[in-house]
Amino acid sequence: MGNNQNKASKSTATADSSLISTSPAPVATAPLTSHRQSVKPSSAVEAKLDYGFNSALISLPGSRKTTLVEEDFTNHIFSAIPGVGKFIYQYLLSLHSAENSIVPIDKFTYIKGGTTILSLKSVEDRINFYVSLFARGKDIISDADVNTLLTASQQTGWMSAGLHISPEELLVNHLKAITSGLFKVQSSSVPVSEVSNWSIKLCPKFTECLHVYTCSCLVDNKEPFAITVVQHNAWYSLYSSNIHGLSVSRFQHLIMDYLGPTLLFIKFDQYVYAVAVDTQWMESSHRWGGGDGMFFEIQPNYRLIQSGEDIMYLNLSDRAASKGIHIGKTARTTFLKVDDEFNKVSHYGIGFKLDAIEVWGCGGEECLHKLGKQKQWEHKEITRHQNRKLTPDEWKENPDRAILEMGGVTTEHNERMDI
C-alpha cells in the first residue's frame, strides 16, 4: 500500500494495449438506403448523436465520407482507448439485418445504437450491457475478456481523475485478484449473468467511468472527461503506518475522533484485507459496527467475506478483555486479529508479521474539517493546562499527585529527604 492513492506501482500488464485480443464475431448487415442516409434526429439524444457522427466525418482527413469504417471509428472517435471503440463498433454492426459483415456504419445505425447506450439509466442496466458487450453477445465470458473489461474500466477511471495511464501502468495485481475471485480453479469462462450479479453486489460502480467515456465519445463531448464523472466524497488518509509508523498511540490519536465512515487496510505476507467501517471508531470490549459494514479480501483473491453489523472490535486498554483489533462478528468467526502493539496478525489462527495498516476517511471535507477543529481544541487545552500553575490546595486534589505517590515519589517538600 502506498502513501497515497494516486501512486500506483508500475508492473507489466498481461492485457494488450489495444484492449482487444480476438477477431470480431460475424454480424449481419443490410444495404444502405437513401432513407437511412437522410435520417433526421427526433429527440435531444438523437441530436447529440447526429452532431457526434457529423463531427467524426469532418475530422477524417481529405474525405467526403458518409459512413464510418472500423479504423475511422476507433482512431477518431475512441482515440484515447481504441479497444473500447472496437467493441462498440462491433455492437453497432450487429444492429444491421443482412449478411454483409464489412459494410461500414451509417448515421442511422450510429444513432440507433448510440440511443440505446445513452438510455442506460440504472446501474444494473449499464453493468449488464457492458458485460454482454465484452462477452461479444455470448452467454459466457472468458477470463481474457473479463480482464479486458476490467482494464478498460480501470483505465477510464484513471482518466476521470485526470491521469492518462497506459495499461502497462495499471494495478495489474489487483486485476488478477478480481479475476481469481471470479473464476474457479481450472475454469476459463463463466456465465455472463454470474459476472453481472457479482458486479452488482460487490462493485456496482465499476462500469460508471467506462460508460461516461463511451457516451462522451459518441456525442463528441468537448468538456473535459473528468468533469462528467459522478461526484463522490473524496478519501483522505487519516493514518498510514508507512508515514506514522506502526504505532498504536498514533493510530488512536489520528482516527478515534473522525466522525464519518472509514476504510481500514491491513497488509501482511501476500495478503491485503479491507474493512468498510460505516460508523465512528470506538474502543470497547464488545463488537460494534453498522449494517453497511463489509469485510473484503483484496489480494490474492478479491472477495467479500462478511457483511452487516458488529464486524469490528477494538480494545487497547481493558485488561479483562481480549486486546487488539478483531475482525469478525463473533469470537468463532474472527478472521483477523491484530495485536495491541501492531506487531503481529493472526489469520485464521496462523501468525504473521504485520507489514502495514492504513485508515482512509470517506466522509468528505465536512468530516475532515470537524476532525481538524477537534484536534485544534485538544491542542489548545493541552497548552492551557501546561502553562497553568496550580495552587497548593489544587495540587493536593490533583490526580497526578496521587499517581506519583503510588509510585513511591513524595511530593510534599517537608517530607522529602533529598532536599
# chains A, B, ... in the order shown; residues from 1 in each chain; ligands from 1

$ closest_atom_pairs --of "region 115-150 of chain A" --to "region 190-204 of chain A" --cutoff "7 Å" --atoms "only C-alpha atoms" --output "JSON lines"
{"residue": "A:Val123", "atom": "CA", "partner": "A:Pro204", "partner_atom": "CA", "distance": 6.6}
{"residue": "A:Glu124", "atom": "CA", "partner": "A:Ile200", "partner_atom": "CA", "distance": 6.5}
{"residue": "A:Ile127", "atom": "CA", "partner": "A:Ser196", "partner_atom": "CA", "distance": 6.2}
{"residue": "A:Asn128", "atom": "CA", "partner": "A:Ser196", "partner_atom": "CA", "distance": 5.8}
{"residue": "A:Val131", "atom": "CA", "partner": "A:Ser196", "partner_atom": "CA", "distance": 6.6}
{"residue": "A:Ser132", "atom": "CA", "partner": "A:Val192", "partner_atom": "CA", "distance": 6.6}
{"residue": "A:Asp139", "atom": "CA", "partner": "A:Val192", "partner_atom": "CA", "distance": 5.5}
{"residue": "A:Ile140", "atom": "CA", "partner": "A:Pro191", "partner_atom": "CA", "distance": 4.1}
{"residue": "A:Ile141", "atom": "CA", "partner": "A:Val190", "partner_atom": "CA", "distance": 5.7}
{"residue": "A:Ser142", "atom": "CA", "partner": "A:Val190", "partner_atom": "CA", "distance": 6.6}

$ write_last_selection --atoms "all heavy atoms" --output "short mmCIF file (atom, residue, chain, number, x, y, z; two decimals), in the first residue's frame"
data_model
loop_
_atom_site.label_atom_id
_atom_site.label_comp_id
_atom_site.auth_asym_id
_atom_site.auth_seq_id
_atom_site.Cartn_x
_atom_site.Cartn_y
_atom_site.Cartn_z
N VAL A 123 -27.81 1.39 -12.71
CA VAL A 123 -26.53 0.70 -12.54
C VAL A 123 -26.61 -0.71 -13.11
O VAL A 123 -25.69 -1.17 -13.80
CB VAL A 123 -26.13 0.66 -11.05
CG1 VAL A 123 -24.96 -0.28 -10.83
CG2 VAL A 123 -25.78 2.06 -10.55
N GLU A 124 -27.72 -1.40 -12.84
CA GLU A 124 -27.88 -2.77 -13.32
C GLU A 124 -27.89 -2.83 -14.84
O GLU A 124 -27.26 -3.72 -15.44
CB GLU A 124 -29.18 -3.38 -12.78
CG GLU A 124 -29.18 -3.65 -11.28
CD GLU A 124 -29.47 -2.40 -10.46
OE1 GLU A 124 -29.72 -1.33 -11.07
OE2 GLU A 124 -29.43 -2.49 -9.22
N ILE A 127 -24.26 -2.27 -16.16
CA ILE A 127 -23.41 -3.44 -15.94
C ILE A 127 -23.77 -4.56 -16.89
O ILE A 127 -22.89 -5.17 -17.52
CB ILE A 127 -23.50 -3.91 -14.47
CG1 ILE A 127 -22.77 -2.92 -13.55
CG2 ILE A 127 -22.92 -5.31 -14.30
CD1 ILE A 127 -22.89 -3.24 -12.08
N ASN A 128 -25.06 -4.85 -17.02
CA ASN A 128 -25.49 -5.93 -17.92
C ASN A 128 -25.08 -5.65 -19.36
O ASN A 128 -24.65 -6.56 -20.09
CB ASN A 128 -27.01 -6.11 -17.84
CG ASN A 128 -27.46 -6.72 -16.53
OD1 ASN A 128 -26.72 -7.47 -15.90
ND2 ASN A 128 -28.67 -6.40 -16.10
N VAL A 131 -20.98 -5.93 -19.67
CA VAL A 131 -20.52 -7.32 -19.54
C VAL A 131 -20.89 -8.11 -20.79
O VAL A 131 -20.08 -8.85 -21.35
CB VAL A 131 -21.12 -7.98 -18.28
CG1 VAL A 131 -20.75 -9.47 -18.25
CG2 VAL A 131 -20.59 -7.30 -17.02
N SER A 132 -22.13 -7.91 -21.29
CA SER A 132 -22.55 -8.58 -22.52
C SER A 132 -21.74 -8.08 -23.72
O SER A 132 -21.38 -8.85 -24.61
CB SER A 132 -24.04 -8.34 -22.76
OG SER A 132 -24.48 -8.92 -23.96
N ASP A 139 -23.41 -16.01 -24.12
CA ASP A 139 -23.93 -16.26 -22.78
C ASP A 139 -22.84 -16.51 -21.76
O ASP A 139 -23.09 -16.49 -20.55
CB ASP A 139 -24.88 -17.47 -22.79
CG ASP A 139 -26.15 -17.20 -23.59
OD1 ASP A 139 -26.55 -16.02 -23.66
OD2 ASP A 139 -26.72 -18.16 -24.14
N ILE A 140 -21.61 -16.77 -22.23
CA ILE A 140 -20.48 -16.96 -21.33
C ILE A 140 -19.39 -15.96 -21.70
O ILE A 140 -19.34 -15.48 -22.83
CB ILE A 140 -19.91 -18.40 -21.39
CG1 ILE A 140 -19.42 -18.73 -22.80
CG2 ILE A 140 -20.95 -19.41 -20.91
CD1 ILE A 140 -18.69 -20.05 -22.89
N ILE A 141 -18.52 -15.66 -20.73
CA ILE A 141 -17.44 -14.70 -20.97
C ILE A 141 -16.15 -15.33 -20.47
O ILE A 141 -16.11 -15.97 -19.42
CB ILE A 141 -17.72 -13.36 -20.27
CG1 ILE A 141 -16.63 -12.33 -20.61
CG2 ILE A 141 -17.88 -13.52 -18.77
CD1 ILE A 141 -16.99 -10.90 -20.18
N SER A 142 -15.10 -15.17 -21.25
CA SER A 142 -13.81 -15.78 -20.91
C SER A 142 -13.07 -14.93 -19.90
O SER A 142 -13.35 -13.74 -19.70
CB SER A 142 -12.95 -15.94 -22.17
OG SER A 142 -12.56 -14.66 -22.66
#

$ closest_residue --among "A:Leu49, A:Leu93, A:Cys215, A:Val146" --to "Arg126 (chain A)" --atoms "only C-alpha atoms"
A:Cys215

$ select_by_dssp --residues "region 32-207 of chain A" --states "strand (DSSP E or B)" --output "JSON, numbers by chain"
{"A": [68, 99, 105, 140, 141, 142, 189, 190, 191]}

$ closest_residue --among "A:Ser240, A:Gln374, A:Thr109, A:Thr279" --to "Asp355 (chain A)" --atoms "only C-alpha atoms"
A:Ser240

$ residues_around --residues "Val345 (chain A)" --least-positions-apart "3" --cutoff "12 Å" --atoms "only C-alpha atoms" --output "PyMOL selection string"
chain A and resi 266-269+271-273+324-327+334-342+348-357

$ closest_residue --among "A:Lys370, A:Glu365, A:Ile117, A:Gln155" --to "Phe129 (chain A)" --atoms "only C-alpha atoms"
A:Ile117

$ atom_distance --atom1 "CA of Ile58 (chain A)" --atom2 "CA of Phe108 (chain A)"
17.2 Å

$ select_by_dssp --residues "region 56-271 of chain A" --states "helix (DSSP H, G or I)" --output "MDAnalysis selection string"
chainID A and resid 56:59 70:77 82:93 107:118 123:134 143:160 167:169 172:182 192:202 208:219 225:228 241:244 248:255

$ closest_residue --among "A:Ile105, A:Leu149, A:Ile178, A:Val219" --to "Val45 (chain A)" --atoms "only C-alpha atoms"
A:Val219

$ atom_distance --atom1 "CA of Tyr302 (chain A)" --atom2 "CA of Gln270 (chain A)"
12.8 Å

$ closest_residue --among "A:Val69, A:Asn343, A:Gln306, A:Ser284" --to "Arg319 (chain A)" --atoms "only C-alpha atoms"
A:Ser284

$ residues_around --residues "Gln252 (chain A)" --least-positions-apart "6" --cutoff "10 Å" --atoms "only C-alpha atoms" --output "list in words"
Tyr239, Trp281, Met282, Glu283 and Leu316 of chain A

$ write_last_selection --atoms "C-alpha atoms" --output "PDB file, in the first residue's frame"
ATOM      1  CA  TYR A 239      -3.357   7.076   9.338  1.00  0.00           C
ATOM      2  CA  TRP A 281     -14.408   4.147  15.616  1.00  0.00           C
ATOM      3  CA  MET A 282     -14.870   3.246  19.283  1.00  0.00           C
ATOM      4  CA  GLU A 283     -12.912   1.341  21.902  1.00  0.00           C
ATOM      5  CA  LEU A 316      -6.485  -1.364  23.672  1.00  0.00           C
TER       6      LEU A 316
END

$ residues_around --residues "Glu309 (chain A)" --least-positions-apart "3" --cutoff "10 Å" --atoms "only C-alpha atoms" --output "ChimeraX atom specification"
/A:277-278,287-294,306,312,328-329

$ write_last_selection --atoms "N, CA and C atoms" --output "PDB file, in the first residue's frame"
ATOM      1  N   VAL A 277     -15.838   0.452   7.329  1.00  0.00           N
ATOM      2  CA  VAL A 277     -16.394   0.736   8.657  1.00  0.00           C
ATOM      3  C   VAL A 277     -17.367   1.899   8.508  1.00  0.00           C
ATOM      4  N   ASP A 278     -18.643   1.647   8.744  1.00  0.00           N
ATOM      5  CA  ASP A 278     -19.663   2.660   8.446  1.00  0.00           C
ATOM      6  C   ASP A 278     -20.019   3.537   9.635  1.00  0.00           C
ATOM      7  N   ARG A 287     -18.294  -6.075  20.319  1.00  0.00           N
ATOM      8  CA  ARG A 287     -18.231  -5.808  18.880  1.00  0.00           C
ATOM      9  C   ARG A 287     -19.194  -4.689  18.506  1.00  0.00           C
ATOM     10  N   TRP A 288     -18.822  -3.966  17.447  1.00  0.00           N
ATOM     11  CA  TRP A 288     -19.621  -2.829  17.030  1.00  0.00           C
ATOM     12  C   TRP A 288     -19.546  -2.669  15.516  1.00  0.00           C
ATOM     13  N   GLY A 289     -20.348  -1.756  14.983  1.00  0.00           N
ATOM     14  CA  GLY A 289     -20.397  -1.507  13.538  1.00  0.00           C
ATOM     15  C   GLY A 289     -21.828  -1.551  13.039  1.00  0.00           C
ATOM     16  N   GLY A 290     -22.123  -0.754  12.015  1.00  0.00           N
ATOM     17  CA  GLY A 290     -23.466  -0.670  11.473  1.00  0.00           C
ATOM     18  C   GLY A 290     -23.755  -1.716  10.411  1.00  0.00           C
ATOM     19  N   GLY A 291     -24.963  -1.652   9.881  1.00  0.00           N
ATOM     20  CA  GLY A 291     -25.427  -2.637   8.911  1.00  0.00           C
ATOM     21  C   GLY A 291     -24.739  -2.578   7.568  1.00  0.00           C
ATOM     22  N   ASP A 292     -24.046  -1.467   7.263  1.00  0.00           N
ATOM     23  CA  ASP A 292     -23.350  -1.341   5.975  1.00  0.00           C
ATOM     24  C   ASP A 292     -21.881  -1.741   6.047  1.00  0.00           C
ATOM     25  N   GLY A 293     -21.443  -2.275   7.169  1.00  0.00           N
ATOM     26  CA  GLY A 293     -20.058  -2.717   7.287  1.00  0.00           C
ATOM     27  C   GLY A 293     -19.768  -3.906   6.377  1.00  0.00           C
ATOM     28  N   MET A 294     -18.557  -3.938   5.805  1.00  0.00           N
ATOM     29  CA  MET A 294     -18.179  -5.020   4.887  1.00  0.00           C
ATOM     30  C   MET A 294     -16.704  -5.359   5.087  1.00  0.00           C
ATOM     31  N   GLN A 306     -17.509 -11.091   4.738  1.00  0.00           N
ATOM     32  CA  GLN A 306     -18.579 -10.913   5.714  1.00  0.00           C
ATOM     33  C   GLN A 306     -19.124  -9.502   5.612  1.00  0.00           C
ATOM     34  N   MET A 312     -16.646  -5.194  13.729  1.00  0.00           N
ATOM     35  CA  MET A 312     -15.425  -4.625  14.305  1.00  0.00           C
ATOM     36  C   MET A 312     -15.330  -4.830  15.819  1.00  0.00           C
ATOM     37  N   GLY A 328     -14.596  -9.701  12.567  1.00  0.00           N
ATOM     38  CA  GLY A 328     -15.482 -10.854  12.518  1.00  0.00           C
ATOM     39  C   GLY A 328     -16.606 -10.674  13.525  1.00  0.00           C
ATOM     40  N   LYS A 329     -17.772 -11.221  13.224  1.00  0.00           N
ATOM     41  CA  LYS A 329     -18.957 -10.937  14.029  1.00  0.00           C
ATOM     42  C   LYS A 329     -18.950 -11.614  15.400  1.00  0.00           C
TER      43      LYS A 329
END

$ decode --residues "region 326-361 of chain A" --atoms "N, CA, C and O atoms" --output "compact mmCIF listing (two decimals), in the first residue's frame"
# COMPACT_ATOMS: atom_id res chain seq x y z
N HIS A 326 -9.95 -6.91 16.23
CA HIS A 326 -10.50 -8.17 15.75
C HIS A 326 -11.53 -7.88 14.68
O HIS A 326 -12.32 -6.94 14.80
N ILE A 327 -11.54 -8.70 13.64
CA ILE A 327 -12.50 -8.52 12.54
C ILE A 327 -13.29 -9.81 12.38
O ILE A 327 -12.72 -10.87 12.09
N GLY A 328 -14.60 -9.70 12.57
CA GLY A 328 -15.48 -10.85 12.52
C GLY A 328 -16.61 -10.67 13.53
O GLY A 328 -16.41 -10.07 14.58
N LYS A 329 -17.77 -11.22 13.22
CA LYS A 329 -18.96 -10.94 14.03
C LYS A 329 -18.95 -11.61 15.40
O LYS A 329 -19.58 -11.13 16.34
N THR A 330 -18.30 -12.75 15.51
CA THR A 330 -18.25 -13.47 16.78
C THR A 330 -16.82 -13.95 17.01
O THR A 330 -15.98 -13.90 16.11
N ALA A 331 -16.57 -14.43 18.23
CA ALA A 331 -15.24 -14.97 18.52
C ALA A 331 -14.93 -16.17 17.63
O ALA A 331 -13.78 -16.38 17.23
N ARG A 332 -15.95 -16.92 17.28
CA ARG A 332 -15.74 -18.10 16.44
C ARG A 332 -15.48 -17.71 14.99
O ARG A 332 -14.78 -18.44 14.26
N THR A 333 -16.07 -16.61 14.55
CA THR A 333 -15.89 -16.18 13.14
C THR A 333 -14.95 -14.98 13.04
O THR A 333 -15.10 -14.15 12.15
N THR A 334 -14.01 -14.85 13.95
CA THR A 334 -12.99 -13.80 13.86
C THR A 334 -11.92 -14.25 12.88
O THR A 334 -11.17 -15.19 13.15
N PHE A 335 -11.85 -13.59 11.74
CA PHE A 335 -10.93 -13.99 10.68
C PHE A 335 -9.54 -13.39 10.86
O PHE A 335 -8.54 -14.01 10.52
N LEU A 336 -9.51 -12.16 11.39
CA LEU A 336 -8.23 -11.46 11.57
C LEU A 336 -8.13 -10.90 12.97
O LEU A 336 -9.12 -10.38 13.51
N LYS A 337 -6.93 -10.98 13.54
CA LYS A 337 -6.63 -10.33 14.81
C LYS A 337 -5.30 -9.61 14.69
O LYS A 337 -4.31 -10.20 14.28
N VAL A 338 -5.30 -8.32 15.02
CA VAL A 338 -4.06 -7.54 15.08
C VAL A 338 -3.77 -7.27 16.55
O VAL A 338 -4.64 -6.78 17.28
N ASP A 339 -2.57 -7.60 17.02
CA ASP A 339 -2.28 -7.44 18.45
C ASP A 339 -2.24 -5.97 18.84
O ASP A 339 -2.20 -5.08 17.99
N ASP A 340 -2.26 -5.71 20.16
CA ASP A 340 -2.38 -4.34 20.65
C ASP A 340 -1.07 -3.57 20.58
O ASP A 340 -1.02 -2.41 21.01
N GLU A 341 -0.02 -4.16 20.01
CA GLU A 341 1.24 -3.43 19.79
C GLU A 341 1.57 -3.29 18.31
O GLU A 341 2.63 -2.79 17.95
N PHE A 342 0.66 -3.74 17.44
CA PHE A 342 0.81 -3.65 15.98
C PHE A 342 2.07 -4.37 15.51
O PHE A 342 2.80 -3.87 14.65
N ASN A 343 2.29 -5.53 16.06
CA ASN A 343 3.44 -6.33 15.64
C ASN A 343 3.03 -7.55 14.82
O ASN A 343 3.69 -7.88 13.84
N LYS A 344 1.95 -8.21 15.23
CA LYS A 344 1.57 -9.48 14.63
C LYS A 344 0.11 -9.50 14.20
O LYS A 344 -0.71 -8.75 14.71
N VAL A 345 -0.16 -10.40 13.26
CA VAL A 345 -1.53 -10.64 12.78
C VAL A 345 -1.81 -12.13 12.91
O VAL A 345 -0.98 -12.96 12.53
N SER A 346 -2.98 -12.46 13.42
CA SER A 346 -3.45 -13.84 13.43
C SER A 346 -4.48 -13.99 12.32
O SER A 346 -5.52 -13.32 12.32
N HIS A 347 -4.17 -14.83 11.34
CA HIS A 347 -5.01 -15.01 10.15
C HIS A 347 -5.51 -16.45 10.13
O HIS A 347 -4.75 -17.37 9.87
N TYR A 348 -6.80 -16.62 10.46
CA TYR A 348 -7.37 -17.96 10.60
C TYR A 348 -6.52 -18.81 11.54
O TYR A 348 -6.30 -19.99 11.33
N GLY A 349 -6.05 -18.17 12.62
CA GLY A 349 -5.28 -18.87 13.63
C GLY A 349 -3.80 -18.99 13.35
O GLY A 349 -3.05 -19.50 14.19
N ILE A 350 -3.33 -18.55 12.21
CA ILE A 350 -1.91 -18.63 11.83
C ILE A 350 -1.27 -17.25 11.99
O ILE A 350 -1.82 -16.25 11.54
N GLY A 351 -0.12 -17.20 12.65
CA GLY A 351 0.52 -15.92 12.93
C GLY A 351 1.39 -15.41 11.80
O GLY A 351 2.07 -16.18 11.12
N PHE A 352 1.35 -14.10 11.58
CA PHE A 352 2.17 -13.42 10.57
C PHE A 352 2.68 -12.11 11.16
O PHE A 352 2.08 -11.54 12.08
N LYS A 353 3.76 -11.61 10.59
CA LYS A 353 4.25 -10.28 10.93
C LYS A 353 3.41 -9.23 10.21
O LYS A 353 3.16 -9.33 9.01
N LEU A 354 2.95 -8.23 10.94
CA LEU A 354 2.17 -7.15 10.35
C LEU A 354 3.07 -6.26 9.51
O LEU A 354 4.09 -5.76 10.00
N ASP A 355 2.71 -6.03 8.25
CA ASP A 355 3.52 -5.20 7.36
C ASP A 355 3.04 -3.75 7.34
O ASP A 355 3.86 -2.83 7.35
N ALA A 356 1.73 -3.54 7.28
CA ALA A 356 1.24 -2.17 7.15
C ALA A 356 -0.23 -2.09 7.53
O ALA A 356 -0.99 -3.05 7.39
N ILE A 357 -0.63 -0.93 8.02
CA ILE A 357 -2.04 -0.60 8.28
C ILE A 357 -2.30 0.80 7.76
O ILE A 357 -1.47 1.70 7.93
N GLU A 358 -3.43 0.98 7.12
CA GLU A 358 -3.86 2.31 6.69
C GLU A 358 -5.33 2.50 7.03
O GLU A 358 -6.12 1.54 6.99
N VAL A 359 -5.72 3.73 7.34
CA VAL A 359 -7.12 4.09 7.53
C VAL A 359 -7.40 5.33 6.69
O VAL A 359 -6.69 6.33 6.80
N TRP A 360 -8.42 5.23 5.85
CA TRP A 360 -8.83 6.34 4.99
C TRP A 360 -10.20 6.84 5.41
O TRP A 360 -11.12 6.05 5.60
N GLY A 361 -10.34 8.15 5.54
CA GLY A 361 -11.63 8.75 5.85
C GLY A 361 -12.43 8.96 4.58
O GLY A 361 -11.93 9.52 3.61
